[in-house]
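A.B. asks: Next up, run-v7.csv (CSV, C-alpha atoms).
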```csv
chain,number,residue,atom,x,y,z
A,1,MET,CA,-62.6,159.6,212.9
A,2,HIS,CA,-59.0,160.3,213.8
A,3,ALA,CA,-57.8,157.6,211.4
A,4,LEU,CA,-60.1,158.8,208.7
A,5,LEU,CA,-58.8,162.4,209.0
A,6,VAL,CA,-55.1,161.5,208.9
A,7,CYS,CA,-55.6,159.1,206.1
A,8,GLY,CA,-57.6,161.7,204.1
A,9,ALA,CA,-55.0,164.4,204.8
A,10,ALA,CA,-52.2,162.0,203.6
A,11,PHE,CA,-54.2,161.1,200.4
A,12,VAL,CA,-54.5,164.8,199.6
A,13,ALA,CA,-50.8,165.4,200.4
A,14,GLY,CA,-49.7,162.5,198.2
A,15,ALA,CA,-51.7,163.8,195.3
A,16,ILE,CA,-50.5,167.4,195.7
A,17,ASN,CA,-46.8,166.3,196.1
A,18,SER,CA,-47.0,164.3,192.9
A,19,VAL,CA,-48.3,167.2,190.8
A,20,ALA,CA,-47.0,170.4,192.4
A,21,GLY,CA,-45.3,169.8,195.8
A,22,GLY,CA,-46.4,171.3,199.1
A,23,GLY,CA,-48.5,168.4,200.3
A,24,SER,CA,-47.1,168.6,203.8
A,25,LEU,CA,-48.9,172.0,204.2
A,26,VAL,CA,-52.0,169.8,204.5
A,27,SER,CA,-50.9,166.7,206.3
A,28,PHE,CA,-48.5,168.1,208.9
A,29,PRO,CA,-50.8,170.7,210.5
A,30,THR,CA,-53.6,168.1,210.5
A,31,LEU,CA,-51.5,166.0,212.9
A,32,ILE,CA,-50.9,169.0,215.1
A,33,TRP,CA,-54.6,169.8,215.3
A,34,LEU,CA,-55.3,166.2,216.2
A,35,GLY,CA,-53.1,166.6,219.3
A,36,ILE,CA,-49.7,165.2,218.2
A,37,PRO,CA,-46.8,167.3,219.5
A,38,SER,CA,-45.0,169.3,216.7
A,39,ILE,CA,-41.7,167.4,216.5
A,40,PRO,CA,-43.2,163.9,216.6
A,41,ALA,CA,-45.9,165.2,214.1
A,42,ASN,CA,-43.1,166.3,211.8
A,43,ALA,CA,-41.3,163.0,212.0
A,44,THR,CA,-44.5,161.0,211.6
A,45,ASN,CA,-45.5,163.1,208.5
A,46,THR,CA,-42.0,162.5,207.0
A,47,VAL,CA,-42.1,158.8,207.4
A,48,ALA,CA,-45.7,158.5,206.1
A,49,LEU,CA,-45.1,160.5,202.9
A,50,VAL,CA,-42.0,158.5,201.8
A,51,PRO,CA,-44.1,155.7,200.2
A,52,GLY,CA,-46.3,158.3,198.5
A,53,SER,CA,-43.2,159.9,196.9
A,54,LEU,CA,-42.1,156.5,195.6
A,55,ALA,CA,-45.5,155.8,194.2
A,56,SER,CA,-45.5,159.2,192.5
A,57,VAL,CA,-42.2,158.3,190.8
A,58,LEU,CA,-43.9,155.4,189.1
A,59,GLY,CA,-46.5,157.8,187.7
A,60,TYR,CA,-43.7,159.6,185.8
A,61,ARG,CA,-41.6,156.6,184.7
A,62,ARG,CA,-42.3,157.3,181.1
A,63,GLU,CA,-41.0,160.9,181.3
A,64,LEU,CA,-38.0,159.8,183.3
A,65,ARG,CA,-36.7,157.5,180.5
A,66,GLY,CA,-35.2,160.5,178.7
A,67,ALA,CA,-34.0,162.4,181.8
A,68,ASP,CA,-30.6,164.0,182.1
A,69,THR,CA,-28.6,161.4,184.0
A,70,ARG,CA,-26.4,164.1,185.6
A,71,VAL,CA,-29.3,165.1,187.8
A,72,LEU,CA,-28.8,161.8,189.6
A,73,ALA,CA,-25.6,163.4,191.1
A,74,LEU,CA,-28.0,165.4,193.2
A,75,ALA,CA,-28.8,162.3,195.2
A,76,VAL,CA,-25.5,162.7,197.1
A,77,PRO,CA,-26.3,166.2,198.6
A,78,SER,CA,-29.9,165.1,199.1
A,79,PHE,CA,-28.8,162.2,201.3
A,80,VAL,CA,-26.2,164.2,203.2
A,81,GLY,CA,-28.6,167.2,203.7
A,82,GLY,CA,-31.5,165.0,204.7
A,83,ILE,CA,-29.6,163.4,207.6
A,84,ILE,CA,-28.2,166.7,208.8
A,85,GLY,CA,-31.6,168.3,208.9
A,86,ALA,CA,-33.1,165.3,210.7
A,87,VAL,CA,-30.4,165.4,213.4
A,88,LEU,CA,-31.0,169.2,213.8
A,89,LEU,CA,-34.7,168.6,214.3
A,90,TYR,CA,-34.0,166.0,217.0
A,91,GLN,CA,-31.7,168.5,218.8
A,92,THR,CA,-34.2,171.3,218.6
A,93,PRO,CA,-36.1,172.0,221.9
A,94,ALA,CA,-39.8,171.3,221.5
A,95,GLU,CA,-40.7,174.8,222.7
A,96,LEU,CA,-38.5,176.4,220.0
A,97,PHE,CA,-39.9,174.2,217.2
A,98,ASP,CA,-43.4,175.1,218.3
A,99,ARG,CA,-42.6,178.7,217.8
A,100,LEU,CA,-40.9,178.0,214.4
A,101,VAL,CA,-43.8,175.9,213.0
A,102,PRO,CA,-46.1,178.8,211.9
A,103,ILE,CA,-43.1,180.6,210.4
A,104,LEU,CA,-42.0,177.5,208.5
A,105,ILE,CA,-45.5,176.9,207.2
A,106,LEU,CA,-45.8,180.6,206.1
A,107,PHE,CA,-42.3,180.4,204.4
A,108,ALA,CA,-43.3,177.2,202.6
A,109,THR,CA,-46.6,178.7,201.5
A,110,ILE,CA,-45.0,181.9,200.2
A,111,LEU,CA,-42.4,179.7,198.4
A,112,PHE,CA,-45.2,177.7,196.9
A,113,MET,CA,-46.9,180.9,195.6
A,114,ALA,CA,-43.6,182.1,194.1
A,115,GLN,CA,-42.8,178.9,192.3
A,116,GLU,CA,-43.9,179.9,188.8
A,117,PRO,CA,-42.3,183.4,188.9
A,118,ILE,CA,-39.1,181.9,190.2
A,119,GLN,CA,-39.1,179.4,187.3
A,120,ARG,CA,-39.7,182.1,184.7
A,121,ARG,CA,-37.0,184.3,186.2
A,122,PHE,CA,-34.3,181.7,186.3
A,123,ASN,CA,-35.2,179.4,183.4
A,124,LEU,CA,-32.0,178.7,181.5
A,125,THR,CA,-33.1,176.9,178.3
A,126,ALA,CA,-30.0,178.0,176.5
A,127,SER,CA,-27.5,175.2,176.1
A,128,HIS,CA,-25.8,172.0,177.3
A,129,ASP,CA,-22.9,174.2,178.6
A,130,ALA,CA,-25.2,176.3,180.6
A,131,ARG,CA,-26.6,173.2,182.4
A,132,SER,CA,-23.1,172.0,183.0
A,133,HIS,CA,-22.1,175.3,184.5
A,134,TRP,CA,-25.1,175.3,186.9
A,135,LEU,CA,-24.7,171.7,188.0
A,136,SER,CA,-22.0,172.5,190.6
A,137,TRP,CA,-24.0,175.4,192.0
A,138,THR,CA,-27.1,173.2,192.0
A,139,MET,CA,-25.3,170.5,194.0
A,140,PHE,CA,-24.6,173.1,196.8
A,141,PHE,CA,-28.2,174.4,196.6
A,142,GLN,CA,-29.5,170.8,196.8
A,143,LEU,CA,-27.5,170.3,200.0
A,144,LEU,CA,-29.3,173.2,201.6
A,145,VAL,CA,-32.6,171.9,200.3
A,146,GLY,CA,-31.8,168.5,201.8
A,147,ILE,CA,-31.0,170.1,205.2
A,148,TYR,CA,-34.3,172.1,205.1
A,149,GLY,CA,-36.2,169.0,204.0
A,150,GLY,CA,-34.8,166.8,206.7
A,151,TYR,CA,-35.6,169.5,209.3
A,152,PHE,CA,-39.1,170.4,208.1
A,153,GLY,CA,-39.9,169.3,204.5
A,154,ALA,CA,-42.8,171.4,203.3
A,155,GLY,CA,-41.8,173.3,200.1
A,156,ILE,CA,-38.7,171.2,199.1
A,157,GLY,CA,-40.5,170.3,195.8
A,158,ILE,CA,-40.8,173.9,194.8
A,159,LEU,CA,-37.1,174.6,195.6
A,160,MET,CA,-36.0,171.6,193.5
A,161,LEU,CA,-38.2,172.6,190.6
A,162,ALA,CA,-36.5,176.0,190.7
A,163,ALA,CA,-33.1,174.3,190.7
A,164,PHE,CA,-34.0,172.2,187.7
A,165,SER,CA,-35.0,175.3,185.8
A,166,LEU,CA,-31.6,176.8,186.6
A,167,MET,CA,-30.1,173.7,184.9
A,168,GLY,CA,-32.2,174.3,181.8
A,169,HIS,CA,-35.0,171.7,182.2
A,170,THR,CA,-38.3,172.7,180.8
A,171,ASP,CA,-40.5,169.5,180.8
A,172,ILE,CA,-42.6,169.9,183.9
A,173,HIS,CA,-43.6,166.2,184.1
A,174,GLN,CA,-40.0,165.1,183.8
A,175,MET,CA,-39.0,167.7,186.4
A,176,ASN,CA,-41.7,166.4,188.7
A,177,GLY,CA,-40.5,162.8,188.3
A,178,LEU,CA,-36.9,163.9,189.2
A,179,LYS,CA,-38.2,166.0,192.1
A,180,ASN,CA,-40.1,163.0,193.5
A,181,ILE,CA,-36.9,160.8,193.4
A,182,LEU,CA,-34.8,163.3,195.3
A,183,ALA,CA,-37.6,164.0,197.7
A,184,ALA,CA,-37.8,160.3,198.4
A,185,ILE,CA,-34.1,160.3,199.2
A,186,ILE,CA,-34.3,163.3,201.5
A,187,ASN,CA,-37.4,162.1,203.3
A,188,GLY,CA,-36.2,158.5,203.3
A,189,ILE,CA,-32.9,159.1,205.2
A,190,ALA,CA,-34.6,161.5,207.5
A,191,ALA,CA,-37.4,159.0,208.1
A,192,ALA,CA,-34.8,156.3,208.9
A,193,TYR,CA,-33.2,158.5,211.5
A,194,PHE,CA,-36.6,159.5,213.1
A,195,ILE,CA,-37.5,155.8,213.3
A,196,TRP,CA,-34.1,155.0,214.9
A,197,VAL,CA,-34.5,157.7,217.6
A,198,GLY,CA,-38.1,156.8,218.3
A,199,LEU,CA,-39.9,160.0,217.2
A,200,VAL,CA,-42.6,158.3,215.0
A,201,VAL,CA,-46.2,157.9,216.1
A,202,TRP,CA,-46.7,154.5,214.3
A,203,PRO,CA,-50.5,154.2,214.3
A,204,ASP,CA,-50.8,157.5,212.5
A,205,ALA,CA,-47.8,156.8,210.3
A,206,LEU,CA,-49.1,153.5,209.0
A,207,VAL,CA,-52.6,154.9,208.2
A,208,MET,CA,-51.1,158.0,206.6
A,209,ALA,CA,-48.7,155.8,204.5
A,210,VAL,CA,-51.7,154.0,203.0
A,211,GLY,CA,-53.4,157.4,202.2
A,212,ALA,CA,-50.2,158.8,200.7
A,213,ILE,CA,-49.7,155.8,198.4
A,214,ALA,CA,-53.3,156.1,197.2
A,215,GLY,CA,-52.9,159.8,196.7
A,216,GLY,CA,-49.6,159.4,194.8
A,217,VAL,CA,-51.1,156.8,192.5
A,218,PHE,CA,-54.8,157.7,192.1
A,219,GLY,CA,-54.9,161.3,193.3
A,220,THR,CA,-52.6,162.5,190.5
A,221,GLY,CA,-55.3,162.0,188.0
A,222,LEU,CA,-57.8,163.9,190.1
A,223,ALA,CA,-55.4,166.7,190.7
A,224,ARG,CA,-54.6,166.9,187.0
A,225,ARG,CA,-58.3,167.1,186.1
A,226,LEU,CA,-58.8,169.9,188.6
A,227,GLY,CA,-55.9,171.7,187.0
A,228,ARG,CA,-52.6,173.1,188.4
A,229,THR,CA,-54.2,176.5,189.1
A,230,ALA,CA,-57.0,175.1,191.2
A,231,VAL,CA,-54.6,172.8,193.1
A,232,ARG,CA,-52.2,175.7,193.7
A,233,ARG,CA,-54.9,178.0,195.0
A,234,LEU,CA,-56.2,175.2,197.4
A,235,VAL,CA,-52.7,174.6,198.8
A,236,VAL,CA,-52.0,178.3,199.3
A,237,ALA,CA,-55.4,178.8,201.1
A,238,ILE,CA,-54.7,175.8,203.3
A,239,GLY,CA,-51.2,176.9,204.1
A,240,PHE,CA,-52.1,180.4,205.1
A,241,ALA,CA,-55.1,179.2,207.1
A,242,MET,CA,-53.0,176.6,209.0
A,243,ALA,CA,-50.2,179.0,209.7
A,244,LEU,CA,-52.5,181.7,211.1
A,245,SER,CA,-54.5,179.2,213.2
A,246,LEU,CA,-51.3,177.6,214.6
A,247,MET,CA,-50.0,181.1,215.6
A,248,PHE,CA,-53.0,181.3,218.0
A,249,LYS,CA,-52.9,177.7,219.1
A,250,LEU,CA,-49.1,177.2,219.8
```
Starting from the file, lay out its structure as structure tokens.
C.D. replies:
Amino acid sequence: MHALLVCGAAFVAGAINSVAGGGSLVSFPTLIWLGIPSIPANATNTVALVPGSLASVLGYRRELRGADTRVLALAVPSFVGGIIGAVLLYQTPAELFDRLVPILILFATILFMAQEPIQRRFNLTASHDARSHWLSWTMFFQLLVGIYGGYFGAGIGILMLAAFSLMGHTDIHQMNGLKNILAAIINGIAAAYFIWVGLVVWPDALVMAVGAIAGGVFGTGLARRLGRTAVRRLVVAIGFAMALSLMFKL
């Protein structure tokens, strides 16, 4: 039953991440409720979802063919930020992180709710020059996203979609593909560090990786059939429910 629950949660997370982002709001709290301490649960969740992010990239390979190559420059701050965030997590006392978990989940949930208003507010469709102007600012913003992603992770997709809007991108499928590439870099370097320092619960990580890959490949179609609105409402409901329940549990 334990394995089925973590695999199912990872499947849902992989599907949600490929379409909207925010999948960790499902998979991470599930690990905590199954008795995994918060910091190892966060590390295990990060490791498990990396294969799902890579699988999701394949689903958007057609849209990525015409992508703005300058966005690949964001790989550098993603890598640097991811390792900084991972080291910060390892240095955080478990008691402090336990108190931060509900707050981080609430923050990520509110961020998820605000995704579309943020994109509408900052959408710069204007010109090539506007995108060039925003690239330097986006590099710094992406460094902060990388640090947050390496430390906790939930919500980085929403932050990156907002940044792409600042750069003038409007194709949501192409933006999702780019987001998944950068998320794989952030989570990948953080996962490597977590493996190195021994924070990963491997039985759960391996089962979740299978679920996340299946979710990234096959769950995308299901999530698209349900529609973005239904998926978003489900994630928001889960996020608030998990945050409130963990406030009483931790």
A.B. asks: Hey, which of A:Ala55, A:Ala3, A:Ile16, A:Val26 ends up closest to A:Gly157? Count all atoms listed in the file.
C.D. replies: A:Ile16
A.B. asks: Just the number, please: distance in Å from atom CA of A:Ser24 to atom CA of A:Trp196, one decimal.
C.D. replies: 21.8 Å
A.B. asks: Which one of A:Val145, A:Ala73, A:Ala10, A:Ile103 sits closest to A:Gly215 if you count all atoms listed in the file?
C.D. replies: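 When distances to A:Gly215 are compared using all atoms listed in the file, the smallest one comes from A:Ala10.
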A.B. asks: Quick one: residues within 7 Å of stretch 89-100 of chain A, only C-alpha atoms counted, chain neighbours fewer than 3 positions away excluded, as a VMD selection string?
C.D. replies: chain A and resid 38 to 39 85 to 86 103 to 104 151 250
A.B. asks: Please determine, counting all atoms listed in the file, which residue among A:Leu49, A:Met1, A:Val80, A:Val6 has the shortest atom-to-atom distance to A:Val207.
C.D. replies: A:Val6
A.B. asks: Which residues are close to A:Leu206, i.e. within 12 Å by all atoms listed in the file, leaving aside same-chain residues fewer than 2 positions away? Reply as a list in words.
C.D. replies: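 The filter keeps Ala3, Val6, Cys7, Ala10, Thr44, Asn45, Thr46, Val47, Ala48, Leu49, Val50, Pro51, Gly52, Val200, Val201, Trp202, Pro203, Asp204, Met208, Ala209, Val210, Gly211, Ala212 and Ile213 of chain A.
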A.B. asks: To one decimal in Å, tell me the separation between atom CA of A:Asn17 and atom CA of A:Leu199.
C.D. replies: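 If I compute the distance from atom CA of A:Asn17 to atom CA of A:Leu199, I get 23.1 Å.
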A.B. asks: Pick out the closest residue to A:Phe79 from this set: A:Gly188, A:Gly23, A:Gly14, A:Pro102. Count only C-alpha atoms.
C.D. replies: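 Closest residue, counting only C-alpha atoms: A:Gly188.
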A.B. asks: Restricting the calculation to only C-alpha atoms, which member of A:Met175, A:Leu244, A:Val236, A:Leu31 is positioned closest to A:Ala108?
C.D. replies: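 Of A:Met175, A:Leu244, A:Val236, A:Leu31, the one nearest A:Ala108 is A:Val236, counting only C-alpha atoms.
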A.B. asks: Go through A:Ala243, A:Leu4, A:Ala190, A:Ala114 and flag the residue nearest A:Pro29, using only C-alpha atoms for the distances.
C.D. replies: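 Among A:Ala243, A:Leu4, A:Ala190, A:Ala114, it is A:Ala243 that comes nearest to A:Pro29.
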A.B. asks: Tell me, as a PyMOL selection string, which residues lie within 7 Å of A:Phe152, counting all atoms listed in the file; anything in the same chain fewer than 3 positions away does not count.
C.D. replies: chain A and resi 42+148-149
A.B. asks: For the residues in that selection, give me C-alpha atoms as an mmCIF file, keeping the file's coordinate frame.
C.D. replies:
```
data_model
loop_
_atom_site.group_PDB
_atom_site.id
_atom_site.type_symbol
_atom_site.label_atom_id
_atom_site.label_comp_id
_atom_site.auth_asym_id
_atom_site.auth_seq_id
_atom_site.Cartn_x
_atom_site.Cartn_y
_atom_site.Cartn_z
ATOM 1 C CA ASN A 42 -43.100 166.300 211.800
ATOM 2 C CA TYR A 148 -34.300 172.100 205.100
ATOM 3 C CA GLY A 149 -36.200 169.000 204.000
#
```
A.B. asks: Please list as a count of residues only every residue within 12 Å of A:Phe140, counting only C-alpha atoms and excluding residues in the same chain fewer than 3 positions away.
C.D. replies: 19
A.B. asks: Between atom CA of A:Leu54 and atom CA of A:Gly216, what is the spacing in Å?
C.D. replies: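 Between atom CA of A:Gly216 and atom CA of A:Leu54 the gap is 8.1 Å.
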A.B. asks: Do you know which residues are at most 7 Å from A:Ala9 counting all atoms listed in the file, after dropping those on the same chain fewer than 3 positions away, and could you put them as a PyMOL selection string?
C.D. replies: chain A and resi 5-6+12-13+26-27+30
